[in-house]
$ cat upload-v1.cif   # mmCIF, C-alpha atoms
data_coords
#
loop_
_atom_site.group_PDB
_atom_site.id
_atom_site.type_symbol
_atom_site.label_atom_id
_atom_site.label_comp_id
_atom_site.auth_asym_id
_atom_site.auth_seq_id
_atom_site.Cartn_x
_atom_site.Cartn_y
_atom_site.Cartn_z
ATOM 1 C CA MET S 30 0.000 0.000 0.000
ATOM 2 C CA LYS S 31 2.840 2.362 0.869
ATOM 3 C CA GLU S 32 4.463 1.706 -2.507
ATOM 4 C CA ARG S 33 1.222 2.479 -4.372
ATOM 5 C CA ILE S 34 0.896 5.786 -2.524
ATOM 6 C CA ARG S 35 4.522 6.653 -3.316
ATOM 7 C CA VAL S 36 4.009 5.823 -7.018
ATOM 8 C CA LEU S 37 0.760 7.819 -7.165
ATOM 9 C CA ALA S 38 2.357 10.802 -5.376
ATOM 10 C CA GLY S 39 5.217 10.782 -7.899
ATOM 11 C CA GLU S 40 2.743 10.616 -10.758
ATOM 12 C CA ILE S 41 0.755 13.549 -9.368
ATOM 13 C CA LEU S 42 3.914 15.627 -8.896
ATOM 14 C CA ARG S 43 5.013 14.884 -12.459
ATOM 15 C CA TYR S 44 1.522 15.775 -13.716
ATOM 16 C CA LEU S 45 1.657 19.076 -11.820
ATOM 17 C CA ALA S 46 5.021 19.856 -13.450
ATOM 18 C CA VAL S 47 3.712 18.942 -16.907
ATOM 19 C CA GLY S 48 0.423 20.731 -16.240
ATOM 20 C CA GLY S 49 2.264 23.805 -14.970
ATOM 21 C CA THR S 50 4.414 24.063 -18.066
ATOM 22 C CA ALA S 51 1.387 23.277 -20.256
ATOM 23 C CA PHE S 52 -0.316 26.204 -18.525
ATOM 24 C CA LEU S 53 2.583 28.426 -19.605
ATOM 25 C CA VAL S 54 2.129 27.256 -23.209
ATOM 26 C CA ASP S 55 -1.645 27.796 -22.909
ATOM 27 C CA ALA S 56 -1.467 31.212 -21.237
ATOM 28 C CA GLY S 57 1.375 32.393 -23.470
ATOM 29 C CA THR S 58 -0.549 31.407 -26.584
ATOM 30 C CA LEU S 59 -3.682 33.064 -25.169
ATOM 31 C CA TYR S 60 -1.851 36.302 -24.447
ATOM 32 C CA LEU S 61 0.061 36.474 -27.737
ATOM 33 C CA SER S 62 -2.868 35.481 -29.933
ATOM 34 C CA ARG S 63 -5.213 37.889 -28.100
ATOM 35 C CA ARG S 64 -2.706 40.687 -28.522
ATOM 36 C CA PHE S 65 -1.624 40.030 -32.118
ATOM 37 C CA LEU S 66 -3.762 37.477 -33.948
ATOM 38 C CA PHE S 67 -7.226 38.354 -32.597
ATOM 39 C CA ALA S 68 -6.567 41.964 -31.548
ATOM 40 C CA ASP S 69 -9.218 43.414 -33.855
ATOM 41 C CA TRP S 70 -11.878 40.795 -33.204
ATOM 42 C CA GLY S 71 -13.476 42.531 -30.219
ATOM 43 C CA GLU S 72 -14.745 40.404 -27.354
ATOM 44 C CA THR S 73 -15.064 37.275 -29.485
ATOM 45 C CA GLY S 74 -11.307 37.450 -30.061
ATOM 46 C CA LEU S 75 -10.772 36.596 -26.385
ATOM 47 C CA TYR S 76 -12.687 33.336 -26.754
ATOM 48 C CA TRP S 77 -10.871 32.351 -29.954
ATOM 49 C CA ALA S 78 -7.542 33.130 -28.294
ATOM 50 C CA THR S 79 -8.614 31.120 -25.235
ATOM 51 C CA ALA S 80 -9.464 28.125 -27.433
ATOM 52 C CA LEU S 81 -6.189 28.372 -29.371
ATOM 53 C CA GLY S 82 -4.179 28.557 -26.146
ATOM 54 C CA PHE S 83 -6.062 25.652 -24.660
ATOM 55 C CA LEU S 84 -5.461 23.484 -27.728
ATOM 56 C CA ALA S 85 -1.738 24.316 -27.753
ATOM 57 C CA GLY S 86 -1.549 23.342 -24.072
ATOM 58 C CA LEU S 87 -3.555 20.161 -24.750
ATOM 59 C CA VAL S 88 -1.144 18.869 -27.393
ATOM 60 C CA TYR S 89 1.867 19.771 -25.234
ATOM 61 C CA ASN S 90 0.271 18.047 -22.226
ATOM 62 C CA TYR S 91 -0.534 14.887 -24.207
ATOM 63 C CA VAL S 92 3.013 14.447 -25.482
ATOM 64 C CA LEU S 93 4.622 15.085 -22.093
ATOM 65 C CA SER S 94 2.063 12.976 -20.210
ATOM 66 C CA LEU S 95 3.062 9.992 -22.312
ATOM 67 C CA ALA S 96 6.760 10.741 -21.922
ATOM 68 C CA PHE S 97 6.991 11.736 -18.250
ATOM 69 C CA VAL S 98 3.802 11.315 -16.224
ATOM 70 C CA PHE S 99 2.236 7.918 -16.797
ATOM 71 C CA LEU S 100 5.332 5.710 -16.612
ATOM 72 C CA ASP S 101 3.808 2.273 -16.212
ATOM 73 C CA ALA S 102 4.355 0.260 -19.429
ATOM 74 C CA LYS S 103 0.677 -0.760 -19.562
ATOM 75 C CA GLN S 104 -0.404 2.873 -19.177
ATOM 76 C CA ARG S 105 1.960 3.986 -21.937
ATOM 77 C CA ARG S 106 0.710 1.355 -24.387
ATOM 78 C CA LYS S 107 -2.848 2.322 -23.569
ATOM 79 C CA GLY S 108 -2.051 6.028 -23.922
ATOM 80 C CA ARG S 109 -0.544 5.644 -27.398
ATOM 81 C CA SER S 110 -3.674 4.267 -29.020
ATOM 82 C CA LEU S 111 -6.026 6.295 -31.198
ATOM 83 C CA GLY S 112 -8.816 5.634 -28.709
ATOM 84 C CA ALA S 113 -6.707 7.014 -25.861
ATOM 85 C CA PHE S 114 -5.879 10.135 -27.843
ATOM 86 C CA LEU S 115 -9.566 10.631 -28.612
ATOM 87 C CA GLY S 116 -10.385 10.134 -24.923
ATOM 88 C CA PHE S 117 -7.607 12.578 -24.029
ATOM 89 C CA ALA S 118 -9.109 15.049 -26.497
ATOM 90 C CA VAL S 119 -12.692 14.576 -25.217
ATOM 91 C CA ILE S 120 -11.554 15.158 -21.644
ATOM 92 C CA GLY S 121 -9.677 18.182 -22.976
ATOM 93 C CA LEU S 122 -12.782 19.459 -24.764
ATOM 94 C CA VAL S 123 -14.736 19.260 -21.509
ATOM 95 C CA GLY S 124 -11.853 21.202 -19.967
ATOM 96 C CA LEU S 125 -12.073 23.724 -22.810
ATOM 97 C CA GLY S 126 -15.805 24.115 -22.145
ATOM 98 C CA LEU S 127 -15.100 24.690 -18.454
ATOM 99 C CA THR S 128 -12.368 27.165 -19.406
ATOM 100 C CA GLU S 129 -14.603 29.133 -21.770
ATOM 101 C CA LEU S 130 -17.422 29.177 -19.214
ATOM 102 C CA GLY S 131 -15.024 30.349 -16.510
ATOM 103 C CA MET S 132 -13.611 33.044 -18.804
ATOM 104 C CA TYR S 133 -17.108 34.269 -19.599
ATOM 105 C CA ALA S 134 -18.116 34.338 -15.927
ATOM 106 C CA GLY S 135 -14.926 36.028 -14.777
ATOM 107 C CA VAL S 136 -14.418 38.506 -17.602
ATOM 108 C CA ASP S 137 -17.917 39.344 -18.860
ATOM 109 C CA LEU S 138 -19.973 38.898 -15.706
ATOM 110 C CA LEU S 139 -17.492 39.891 -12.983
ATOM 111 C CA GLY S 140 -15.344 42.300 -15.002
ATOM 112 C CA LEU S 141 -12.000 40.751 -13.972
ATOM 113 C CA HIS S 142 -8.836 40.850 -16.096
ATOM 114 C CA TYR S 143 -8.721 37.882 -18.468
ATOM 115 C CA MET S 144 -5.267 36.679 -17.378
ATOM 116 C CA LEU S 145 -6.305 36.625 -13.699
ATOM 117 C CA VAL S 146 -9.395 34.631 -14.614
ATOM 118 C CA LYS S 147 -7.265 32.280 -16.731
ATOM 119 C CA VAL S 148 -5.032 31.453 -13.750
ATOM 120 C CA CYS S 149 -8.022 30.653 -11.524
ATOM 121 C CA VAL S 150 -9.843 28.621 -14.152
ATOM 122 C CA ALA S 151 -6.658 26.743 -15.087
ATOM 123 C CA ALA S 152 -6.263 25.400 -11.547
ATOM 124 C CA LEU S 153 -9.740 23.859 -11.639
ATOM 125 C CA VAL S 154 -9.311 22.485 -15.150
ATOM 126 C CA LEU S 155 -5.924 20.998 -14.212
ATOM 127 C CA ALA S 156 -7.634 18.918 -11.522
ATOM 128 C CA TRP S 157 -10.399 17.846 -13.942
ATOM 129 C CA ASN S 158 -7.854 16.884 -16.610
ATOM 130 C CA TYR S 159 -5.710 14.789 -14.271
ATOM 131 C CA LEU S 160 -8.635 12.941 -12.709
ATOM 132 C CA GLY S 161 -10.393 12.415 -16.037
ATOM 133 C CA ARG S 162 -7.281 11.119 -17.740
ATOM 134 C CA LYS S 163 -6.208 8.986 -14.791
ATOM 135 C CA PHE S 164 -9.558 7.241 -14.422
ATOM 136 C CA PHE S 165 -10.735 7.077 -18.043
ATOM 137 C CA ILE S 166 -7.486 6.532 -19.971
ATOM 138 C CA PHE S 167 -4.512 5.587 -17.804
ATOM 139 C CA ARG S 168 -6.222 3.389 -15.199
#

$ encode --input "upload-v1.cif" --output "structure tokens"
Amino acid sequence: MKERIRVLAGEILRYLAVGGTAFLVDAGTLYLSRRFLFADWGETGLYWATALGFLAGLVYNYVLSLAFVFLDAKQRRKGRSLGAFLGFAVIGLVGLGLTELGMYAGVDLLGLHYMLVKVCVAALVLAWNYLGRKFFIFR
């Protein structure tokens, strides 16, 4: 039992490291695309930039999750299948929906700065992504 807890704790710490750097990819893409790519799109530009950032972070997270987070050979084989990628993407799309909803609530309804809202929403979505992927793909 102690060994399982140690293995799970290591996995969670690796996922937090991967998720943290994926957040930097996500938030950086959000910021740069909002500022340069979607600058003239008005309020809808924020949501397109949010989606683009999220997708960039999703791909980054998928690749590094296979390489560094889920180390068990069975998990890796499972994770490299088309079905696993689709599951990874579906869980990510739910996360994207949660992200867009959170951005709308924080920015449009509460009037907060979009990067502050992104940080708060990202923490919740990180937990959803880990739990969803752990239990539905890498179990």

$ closest_residue --input "upload-v1.cif" --among "S:Phe165, S:Phe114, S:Tyr143, S:Trp157" --to "S:Gly74" --atoms "all atoms listed in the file"
S:Tyr143

$ resolve_selection --input "upload-v1.cif" --expression "the PyMOL selection byres ((chain S and resi 91) around 12)" --output "ChimeraX atom specification"
/S:44,47-48,51,84-90,92-99,105,108-109,113-118,120-121,158-159,162,166-167

$ resolve_selection --input "upload-v1.cif" --expression "the PyMOL selection byres ((chain S and resi 62-69) around 12)" --output "NGL selection string"
:S and (54-61 or 70-83 or 85 or 143-144)

$ atom_distance --input "upload-v1.cif" --atom1 "atom CA of S:Val36" --atom2 "atom CA of S:Thr50"
21.3 Å

$ atom_distance --input "upload-v1.cif" --atom1 "atom CA of S:Ala152" --atom2 "atom CA of S:Gly112"
26.3 Å

$ closest_residue --input "upload-v1.cif" --among "S:Leu141, S:Val136, S:Arg168, S:Leu155" --to "S:Leu37" --atoms "all atoms listed in the file"
S:Arg168

$ atom_distance --input "upload-v1.cif" --atom1 "atom CA of S:Val154" --atom2 "atom CA of S:Leu125"
8.2 Å

$ residues_around --input "upload-v1.cif" --residues "S:Gly131" --least-positions-apart "6" --cutoff "9 Å" --atoms "all atoms listed in the file" --output "PyMOL selection string"
chain S and resi 146-147+149-150

$ decode --input "upload-v1.cif" --residues "stretch 130-162 of chain S" --atoms "N, CA and C atoms" --output "PDB file, in the first residue's frame"
ATOM      1  N   LEU S 130     -16.383  28.764 -20.160  1.00  0.00           N
ATOM      2  CA  LEU S 130     -17.422  29.177 -19.214  1.00  0.00           C
ATOM      3  C   LEU S 130     -16.833  30.029 -18.096  1.00  0.00           C
ATOM      4  N   GLY S 131     -15.692  29.581 -17.563  1.00  0.00           N
ATOM      5  CA  GLY S 131     -15.024  30.349 -16.510  1.00  0.00           C
ATOM      6  C   GLY S 131     -14.563  31.709 -17.000  1.00  0.00           C
ATOM      7  N   MET S 132     -14.045  31.762 -18.235  1.00  0.00           N
ATOM      8  CA  MET S 132     -13.611  33.044 -18.804  1.00  0.00           C
ATOM      9  C   MET S 132     -14.806  33.986 -18.968  1.00  0.00           C
ATOM     10  N   TYR S 133     -15.906  33.447 -19.440  1.00  0.00           N
ATOM     11  CA  TYR S 133     -17.108  34.269 -19.599  1.00  0.00           C
ATOM     12  C   TYR S 133     -17.575  34.807 -18.245  1.00  0.00           C
ATOM     13  N   ALA S 134     -17.648  33.921 -17.259  1.00  0.00           N
ATOM     14  CA  ALA S 134     -18.116  34.338 -15.927  1.00  0.00           C
ATOM     15  C   ALA S 134     -17.174  35.373 -15.315  1.00  0.00           C
ATOM     16  N   GLY S 135     -15.879  35.119 -15.406  1.00  0.00           N
ATOM     17  CA  GLY S 135     -14.926  36.028 -14.777  1.00  0.00           C
ATOM     18  C   GLY S 135     -14.747  37.348 -15.498  1.00  0.00           C
ATOM     19  N   VAL S 136     -14.685  37.292 -16.831  1.00  0.00           N
ATOM     20  CA  VAL S 136     -14.418  38.506 -17.602  1.00  0.00           C
ATOM     21  C   VAL S 136     -15.705  39.287 -17.866  1.00  0.00           C
ATOM     22  N   ASP S 137     -16.706  38.629 -18.453  1.00  0.00           N
ATOM     23  CA  ASP S 137     -17.917  39.344 -18.860  1.00  0.00           C
ATOM     24  C   ASP S 137     -18.857  39.640 -17.700  1.00  0.00           C
ATOM     25  N   LEU S 138     -19.014  38.688 -16.799  1.00  0.00           N
ATOM     26  CA  LEU S 138     -19.973  38.898 -15.706  1.00  0.00           C
ATOM     27  C   LEU S 138     -19.362  39.625 -14.513  1.00  0.00           C
ATOM     28  N   LEU S 139     -18.113  39.283 -14.166  1.00  0.00           N
ATOM     29  CA  LEU S 139     -17.492  39.891 -12.983  1.00  0.00           C
ATOM     30  C   LEU S 139     -16.552  41.049 -13.317  1.00  0.00           C
ATOM     31  N   GLY S 140     -16.188  41.187 -14.585  1.00  0.00           N
ATOM     32  CA  GLY S 140     -15.344  42.300 -15.002  1.00  0.00           C
ATOM     33  C   GLY S 140     -13.880  42.177 -14.586  1.00  0.00           C
ATOM     34  N   LEU S 141     -13.387  40.957 -14.375  1.00  0.00           N
ATOM     35  CA  LEU S 141     -12.000  40.751 -13.972  1.00  0.00           C
ATOM     36  C   LEU S 141     -11.091  40.692 -15.203  1.00  0.00           C
ATOM     37  N   HIS S 142      -9.801  40.918 -14.995  1.00  0.00           N
ATOM     38  CA  HIS S 142      -8.836  40.850 -16.096  1.00  0.00           C
ATOM     39  C   HIS S 142      -8.733  39.409 -16.587  1.00  0.00           C
ATOM     40  N   TYR S 143      -8.664  39.229 -17.898  1.00  0.00           N
ATOM     41  CA  TYR S 143      -8.721  37.882 -18.468  1.00  0.00           C
ATOM     42  C   TYR S 143      -7.569  36.980 -18.038  1.00  0.00           C
ATOM     43  N   MET S 144      -6.382  37.535 -17.795  1.00  0.00           N
ATOM     44  CA  MET S 144      -5.267  36.679 -17.378  1.00  0.00           C
ATOM     45  C   MET S 144      -5.440  36.220 -15.923  1.00  0.00           C
ATOM     46  N   LEU S 145      -6.012  37.032 -15.076  1.00  0.00           N
ATOM     47  CA  LEU S 145      -6.305  36.625 -13.699  1.00  0.00           C
ATOM     48  C   LEU S 145      -7.339  35.500 -13.702  1.00  0.00           C
ATOM     49  N   VAL S 146      -8.358  35.661 -14.504  1.00  0.00           N
ATOM     50  CA  VAL S 146      -9.395  34.631 -14.614  1.00  0.00           C
ATOM     51  C   VAL S 146      -8.782  33.337 -15.151  1.00  0.00           C
ATOM     52  N   LYS S 147      -7.908  33.455 -16.142  1.00  0.00           N
ATOM     53  CA  LYS S 147      -7.265  32.280 -16.731  1.00  0.00           C
ATOM     54  C   LYS S 147      -6.510  31.476 -15.679  1.00  0.00           C
ATOM     55  N   VAL S 148      -5.786  32.143 -14.807  1.00  0.00           N
ATOM     56  CA  VAL S 148      -5.032  31.453 -13.750  1.00  0.00           C
ATOM     57  C   VAL S 148      -5.979  30.682 -12.833  1.00  0.00           C
ATOM     58  N   CYS S 149      -7.064  31.310 -12.426  1.00  0.00           N
ATOM     59  CA  CYS S 149      -8.022  30.653 -11.524  1.00  0.00           C
ATOM     60  C   CYS S 149      -8.709  29.466 -12.204  1.00  0.00           C
ATOM     61  N   VAL S 150      -9.148  29.674 -13.412  1.00  0.00           N
ATOM     62  CA  VAL S 150      -9.843  28.621 -14.152  1.00  0.00           C
ATOM     63  C   VAL S 150      -8.885  27.458 -14.438  1.00  0.00           C
ATOM     64  N   ALA S 151      -7.643  27.779 -14.756  1.00  0.00           N
ATOM     65  CA  ALA S 151      -6.658  26.743 -15.087  1.00  0.00           C
ATOM     66  C   ALA S 151      -6.436  25.784 -13.926  1.00  0.00           C
ATOM     67  N   ALA S 152      -6.457  26.270 -12.713  1.00  0.00           N
ATOM     68  CA  ALA S 152      -6.263  25.400 -11.547  1.00  0.00           C
ATOM     69  C   ALA S 152      -7.391  24.370 -11.450  1.00  0.00           C
ATOM     70  N   LEU S 153      -8.607  24.783 -11.684  1.00  0.00           N
ATOM     71  CA  LEU S 153      -9.740  23.859 -11.639  1.00  0.00           C
ATOM     72  C   LEU S 153      -9.688  22.861 -12.793  1.00  0.00           C
ATOM     73  N   VAL S 154      -9.354  23.351 -13.971  1.00  0.00           N
ATOM     74  CA  VAL S 154      -9.311  22.485 -15.150  1.00  0.00           C
ATOM     75  C   VAL S 154      -8.142  21.497 -15.047  1.00  0.00           C
ATOM     76  N   LEU S 155      -7.045  21.907 -14.426  1.00  0.00           N
ATOM     77  CA  LEU S 155      -5.924  20.998 -14.212  1.00  0.00           C
ATOM     78  C   LEU S 155      -6.369  19.783 -13.410  1.00  0.00           C
ATOM     79  N   ALA S 156      -7.129  20.023 -12.350  1.00  0.00           N
ATOM     80  CA  ALA S 156      -7.634  18.918 -11.522  1.00  0.00           C
ATOM     81  C   ALA S 156      -8.573  18.029 -12.344  1.00  0.00           C
ATOM     82  N   TRP S 157      -9.479  18.623 -13.087  1.00  0.00           N
ATOM     83  CA  TRP S 157     -10.399  17.846 -13.942  1.00  0.00           C
ATOM     84  C   TRP S 157      -9.609  16.994 -14.931  1.00  0.00           C
ATOM     85  N   ASN S 158      -8.628  17.603 -15.601  1.00  0.00           N
ATOM     86  CA  ASN S 158      -7.854  16.884 -16.610  1.00  0.00           C
ATOM     87  C   ASN S 158      -7.105  15.698 -16.013  1.00  0.00           C
ATOM     88  N   TYR S 159      -6.459  15.891 -14.886  1.00  0.00           N
ATOM     89  CA  TYR S 159      -5.710  14.789 -14.271  1.00  0.00           C
ATOM     90  C   TYR S 159      -6.653  13.653 -13.892  1.00  0.00           C
ATOM     91  N   LEU S 160      -7.715  13.984 -13.172  1.00  0.00           N
ATOM     92  CA  LEU S 160      -8.635  12.941 -12.709  1.00  0.00           C
ATOM     93  C   LEU S 160      -9.314  12.243 -13.882  1.00  0.00           C
ATOM     94  N   GLY S 161      -9.753  13.013 -14.871  1.00  0.00           N
ATOM     95  CA  GLY S 161     -10.393  12.415 -16.037  1.00  0.00           C
ATOM     96  C   GLY S 161      -9.457  11.496 -16.788  1.00  0.00           C
ATOM     97  N   ARG S 162      -8.244  11.936 -16.996  1.00  0.00           N
ATOM     98  CA  ARG S 162      -7.281  11.119 -17.740  1.00  0.00           C
ATOM     99  C   ARG S 162      -6.824   9.917 -16.929  1.00  0.00           C
TER     100      ARG S 162
END
